[in-house]
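With mmCIF, C-alpha atoms inside, this is input_8.cif:
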data_upload
loop_
_atom_site.label_atom_id
_atom_site.label_comp_id
_atom_site.auth_asym_id
_atom_site.auth_seq_id
_atom_site.Cartn_x
_atom_site.Cartn_y
_atom_site.Cartn_z
CA GLN A 1 30.93 -21.06 50.89
CA GLU A 2 32.60 -24.31 49.96
CA TRP A 3 36.15 -22.94 49.97
CA ARG A 4 35.96 -21.87 53.63
CA ASP A 5 37.34 -25.25 54.80
CA GLN A 6 39.31 -26.21 51.72
CA ALA A 7 41.84 -28.90 52.62
CA ASP A 8 44.50 -27.63 50.21
CA ALA A 9 44.11 -24.05 51.40
CA PRO A 10 46.85 -21.44 51.51
CA CYS A 11 50.45 -22.17 52.35
CA ALA A 12 52.67 -19.96 54.54
CA ILE A 13 52.38 -17.03 52.12
CA GLY A 14 48.62 -16.88 52.62
CA TYR A 15 47.30 -18.11 49.32
CA ALA A 16 47.39 -21.27 47.22
CA GLY A 17 50.49 -20.28 45.26
CA ALA A 18 50.98 -23.69 43.63
CA ARG A 19 47.50 -23.55 42.09
CA VAL A 20 47.26 -19.88 41.13
CA VAL A 21 48.23 -18.28 37.82
CA PHE A 22 48.46 -14.51 37.53
CA GLY A 23 48.14 -12.62 34.28
CA ARG A 24 47.95 -9.04 33.09
CA VAL A 25 45.52 -7.84 30.44
CA THR A 26 46.55 -5.04 28.11
CA PHE A 27 44.68 -3.38 25.28
CA GLU A 28 46.23 -2.43 21.97
CA GLY A 29 46.26 1.16 20.81
CA ALA A 30 47.64 4.51 21.87
CA SER A 31 45.23 4.84 24.78
CA PRO A 32 43.10 2.32 26.64
CA PRO A 33 39.39 2.05 25.86
CA PRO A 34 36.90 3.80 28.17
CA GLU A 35 36.55 2.23 31.63
CA PRO A 36 33.10 0.66 30.95
CA VAL A 37 34.50 -1.08 27.85
CA VAL A 38 37.51 -2.37 29.79
CA GLY A 39 35.31 -3.60 32.65
CA ALA A 40 32.93 -5.43 30.30
CA ALA A 41 35.84 -7.02 28.42
CA LEU A 42 37.41 -8.27 31.66
CA VAL A 43 34.13 -9.72 32.90
CA GLU A 44 33.70 -11.55 29.57
CA LEU A 45 37.30 -12.81 29.71
CA GLY A 46 36.68 -14.15 33.23
CA ARG A 47 33.48 -15.87 32.10
CA ARG A 48 35.32 -17.56 29.23
CA LEU A 49 38.23 -18.65 31.44
CA GLU A 50 35.86 -20.21 33.98
CA GLN A 51 34.48 -22.44 31.22
CA ARG A 52 37.90 -23.90 30.43
CA PRO A 53 38.74 -27.37 31.76
CA GLY A 54 40.80 -27.34 34.95
CA ILE A 55 39.98 -23.77 35.95
CA GLU A 56 38.14 -23.72 39.26
CA ALA A 57 37.75 -19.97 39.79
CA VAL A 58 38.69 -16.64 38.25
CA GLY A 59 39.22 -13.39 40.09
CA ARG A 60 40.47 -9.92 39.26
CA ALA A 61 42.51 -7.52 41.37
CA THR A 62 44.16 -4.15 40.95
CA ASN A 63 47.30 -5.58 42.60
CA VAL A 64 48.64 -9.11 42.62
CA PRO A 65 50.05 -10.38 45.93
CA MET A 66 53.36 -8.78 46.95
CA GLN A 67 52.22 -5.43 45.54
CA GLY A 68 49.95 -3.94 48.21
CA ILE A 69 49.53 -0.17 48.21
CA SER A 70 48.23 2.32 50.75
CA ILE A 71 46.22 5.10 49.15
CA PHE A 72 43.06 5.39 51.18
CA ARG A 73 42.86 7.58 54.23
CA PHE A 74 40.09 6.30 56.45
CA PHE A 75 38.50 6.84 59.84
CA TYR A 76 37.43 4.03 62.16
CA GLY A 77 36.18 3.18 65.64
CA PRO A 78 34.82 5.40 68.41
CA GLY A 79 35.47 9.02 67.62
CA ALA A 80 36.38 8.02 64.04
CA ARG A 81 40.15 7.82 64.59
CA ASP A 82 42.27 8.91 61.62
CA SER A 83 44.25 6.08 59.98
CA SER A 84 46.88 8.49 58.68
CA THR A 85 47.98 9.45 62.21
CA GLY A 86 46.82 6.69 64.54
CA ILE A 87 48.32 3.65 62.80
CA ARG A 88 51.09 5.03 60.59
CA LYS A 89 53.58 2.28 61.54
CA ASP A 90 51.28 -0.50 60.31
CA PHE A 91 49.24 1.41 57.75
CA PRO A 92 47.02 -1.13 55.99
CA THR A 93 47.49 -1.78 52.31
CA PHE A 94 44.58 -1.91 49.91
CA ASN A 95 43.43 -4.00 46.97
CA ALA A 96 40.33 -3.66 44.79
CA VAL A 97 39.11 -7.14 43.85
CA SER A 98 36.28 -8.92 42.07
CA PRO A 99 33.90 -11.12 44.08
CA GLY A 100 35.69 -14.27 42.82
CA PHE A 101 39.16 -13.13 43.92
CA PHE A 102 39.30 -14.78 47.35
CA ARG A 103 38.18 -18.16 46.05
CA ALA A 104 40.49 -17.96 43.02
CA ILE A 105 43.56 -17.15 45.07
CA GLY A 106 42.68 -19.63 47.82
CA MET A 107 42.43 -17.17 50.71
CA ARG A 108 40.49 -18.61 53.63
CA LEU A 109 37.34 -16.84 54.77
CA VAL A 110 37.66 -16.62 58.57
CA GLU A 111 34.41 -14.88 59.41
CA GLY A 112 31.44 -13.25 57.68
CA ALA A 113 31.18 -13.11 53.90
CA THR A 114 32.88 -11.71 50.86
CA PHE A 115 31.34 -9.15 48.55
CA GLY A 116 27.72 -9.33 47.47
CA ALA A 117 26.35 -8.81 44.00
CA SER A 118 27.26 -5.73 42.01
CA GLY A 119 25.20 -2.73 42.98
CA SER A 120 24.92 -3.64 46.66
CA ALA A 121 26.12 -1.23 49.33
CA VAL A 122 29.84 -0.43 49.45
CA GLN A 123 31.49 -3.04 51.68
CA VAL A 124 34.97 -3.79 52.98
CA VAL A 125 36.67 -7.10 53.74
CA VAL A 126 39.69 -7.00 56.07
CA ASN A 127 42.39 -9.51 56.85
CA GLU A 128 42.96 -10.90 60.34
CA ALA A 129 45.89 -8.53 61.00
CA MET A 130 43.78 -5.45 60.23
CA ALA A 131 40.91 -6.69 62.38
CA LYS A 132 43.32 -7.20 65.28
CA LEU A 133 45.01 -3.82 64.76
CA LEU A 134 41.87 -1.70 64.51
CA TRP A 135 39.45 -3.59 66.75
CA PRO A 136 41.49 -5.57 69.29
CA GLY A 137 39.30 -7.86 71.35
CA GLU A 138 36.20 -6.94 69.29
CA LYS A 139 34.47 -8.48 66.29
CA ALA A 140 35.39 -6.77 63.03
CA ILE A 141 32.15 -7.76 61.30
CA GLY A 142 29.79 -4.79 61.24
CA GLN A 143 32.45 -2.24 62.17
CA CYS A 144 32.25 1.10 60.37
CA VAL A 145 35.01 2.65 58.26
CA HIS A 146 34.71 6.12 56.69
CA PHE A 147 36.91 6.45 53.60
CA GLY A 148 38.35 9.86 52.70
CA ARG A 149 36.67 12.02 55.35
CA ARG A 150 34.93 11.45 58.70
CA GLU A 151 31.72 12.82 57.22
CA ASN A 152 31.62 10.32 54.35
CA PRO A 153 29.16 7.43 54.54
CA CYS A 154 29.95 4.41 56.66
CA THR A 155 31.39 1.38 54.87
CA ARG A 156 30.67 -1.79 56.84
CA VAL A 157 33.10 -4.65 57.34
CA VAL A 158 31.36 -7.75 55.98
CA GLY A 159 34.17 -10.29 56.17
CA VAL A 160 37.53 -11.24 57.58
CA VAL A 161 39.98 -13.28 55.48
CA SER A 162 43.26 -14.96 56.35
CA ASN A 163 46.50 -13.00 56.21
CA ALA A 164 48.61 -13.12 53.08
CA ARG A 165 52.10 -11.83 52.40
CA GLN A 166 52.01 -8.34 50.97
CA MET A 167 55.45 -7.07 50.11
CA SER A 168 57.70 -10.17 50.09
CA VAL A 169 57.60 -13.90 50.73
CA ILE A 170 59.46 -13.39 54.01
CA GLU A 171 57.86 -10.89 56.37
CA ASP A 172 58.43 -10.59 60.11
CA ASP A 173 54.80 -9.87 60.96
CA ASP A 174 51.43 -10.25 59.31
CA LYS A 175 50.53 -6.92 57.71
CA PRO A 176 47.05 -5.38 57.82
CA GLN A 177 45.22 -5.26 54.50
CA PHE A 178 41.72 -4.43 53.33
CA TYR A 179 39.81 -5.23 50.17
CA LEU A 180 37.11 -3.27 48.35
CA ALA A 181 34.92 -4.54 45.53
CA MET A 182 36.36 -3.13 42.30
CA ASP A 183 32.89 -2.55 40.85
CA ASN A 184 31.63 -0.74 43.95
CA MET A 185 34.30 1.57 45.36
CA PRO A 186 33.61 4.35 47.88
CA VAL A 187 33.46 7.80 46.34
#
How would this structure read if it were set down as structure tokens?
Amino acid sequence: QEWRDQADAPCAIGYAGARVVFGRVTFEGASPPPEPVVGAALVELGRRLEQRPGIEAVGRATNVPMQGISIFRFFYGPGARDSSTGIRKDFPTFNAVSPGFFRAIGMRLVEGATFGASGSAVQVVVNEAMAKLLWPGEKAIGQCVHFGRRENPCTRVVGVVSNARQMSVIEDDDKPQFYLAMDNMPV
């Protein structure tokens, strides 16, 4: 992917802040349209934005940088260790993103790949801090994560991206974070 070695890649906060514009989409009315209608409208909006002069990439995310959340309990590694007890101090935050998110925000792909086409198997992309936390001294690519319960299907790590600030511009340590494809979330 051409952005892997981008010369004007992320600054100290982990993404190309000087070149990124964030926006929020809202729908008029008392209640939002059904989820399929919202999804289709956002895909169409992204397609239209990408056609505008000066726009290099468009991505969507449930959370913009500095707003990471931790809602998924997961199990990982030999014996399927429980994330809610084993790594509470550095519990990874989560973001659901579109396939174009990493390129749009300017996050560097360190290893592997980002999400495949819609409809492919559920996949997870982790940042370098999460790879180091969960699989120290091992490759993260191909590792198995079970979301929700140990018995749930394995979600494979397909990529590792650079670290980005999660809660504030100034953070003492890089925080672990993982990304799921917003159109293909684990059940």
Run the PyMOL selection byres ((chain A and resi 126) around 8) mentally over the shown coordinates, then write out the matched residues as JSON, numbers by chain, using the chain letters and numbers from the document.
{"A": [124, 125, 127, 128, 130, 131, 157, 159, 160, 161, 176, 177, 178, 179]}
Kindly resolve the PyMOL selection byres ((chain A and resi 153) around 12) on the present coordinates and return the residues as an MDAnalysis selection string.
chainID A and resid 74:76 80 121:123 144:152 154:156 186:187
Convert the output of the PyMOL selection byres ((chain A and resi 113) around 7) on the shown file into explicit residues, formatted as a list of chain:residue names.
A:Glu111, A:Gly112, A:Thr114, A:Phe115, A:Val158, A:Gly159
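Put simply, atom CA of Arg47 of chain A is 20.7 Å away from atom CA of Met107 of chain A.
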Option closest in space to Pro92 of chain A, from A:Ile105, A:Gly23, A:Pro36, A:Asn163 [counting only C-alpha atoms]:
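Smallest separation from Pro92 of chain A among the options: A:Asn163.
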When you draw a straight line from atom CA of Pro136 of chain A to atom CA of Asp174 of chain A, how long is it in Å?
14.8 Å
Return the single residue from A:Ala129, A:Leu180, A:Leu45, A:Val37 that is closest to Asn63 of chain A, with distances computed using all atoms listed in the file.
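Among A:Ala129, A:Leu180, A:Leu45, A:Val37, it is A:Leu180 that comes nearest to Asn63 of chain A.
With all atoms listed in the file as the atoms that count, the minimum distance from Ala164 of chain A to the choices A:Thr93, A:Thr62, A:Ser31, A:Thr26 is reached by A:Thr93.
Our summary of the geometry notes that atom CA of Gly29 of chain A is positioned 22.6 Å from atom CA of Ala61 of chain A.
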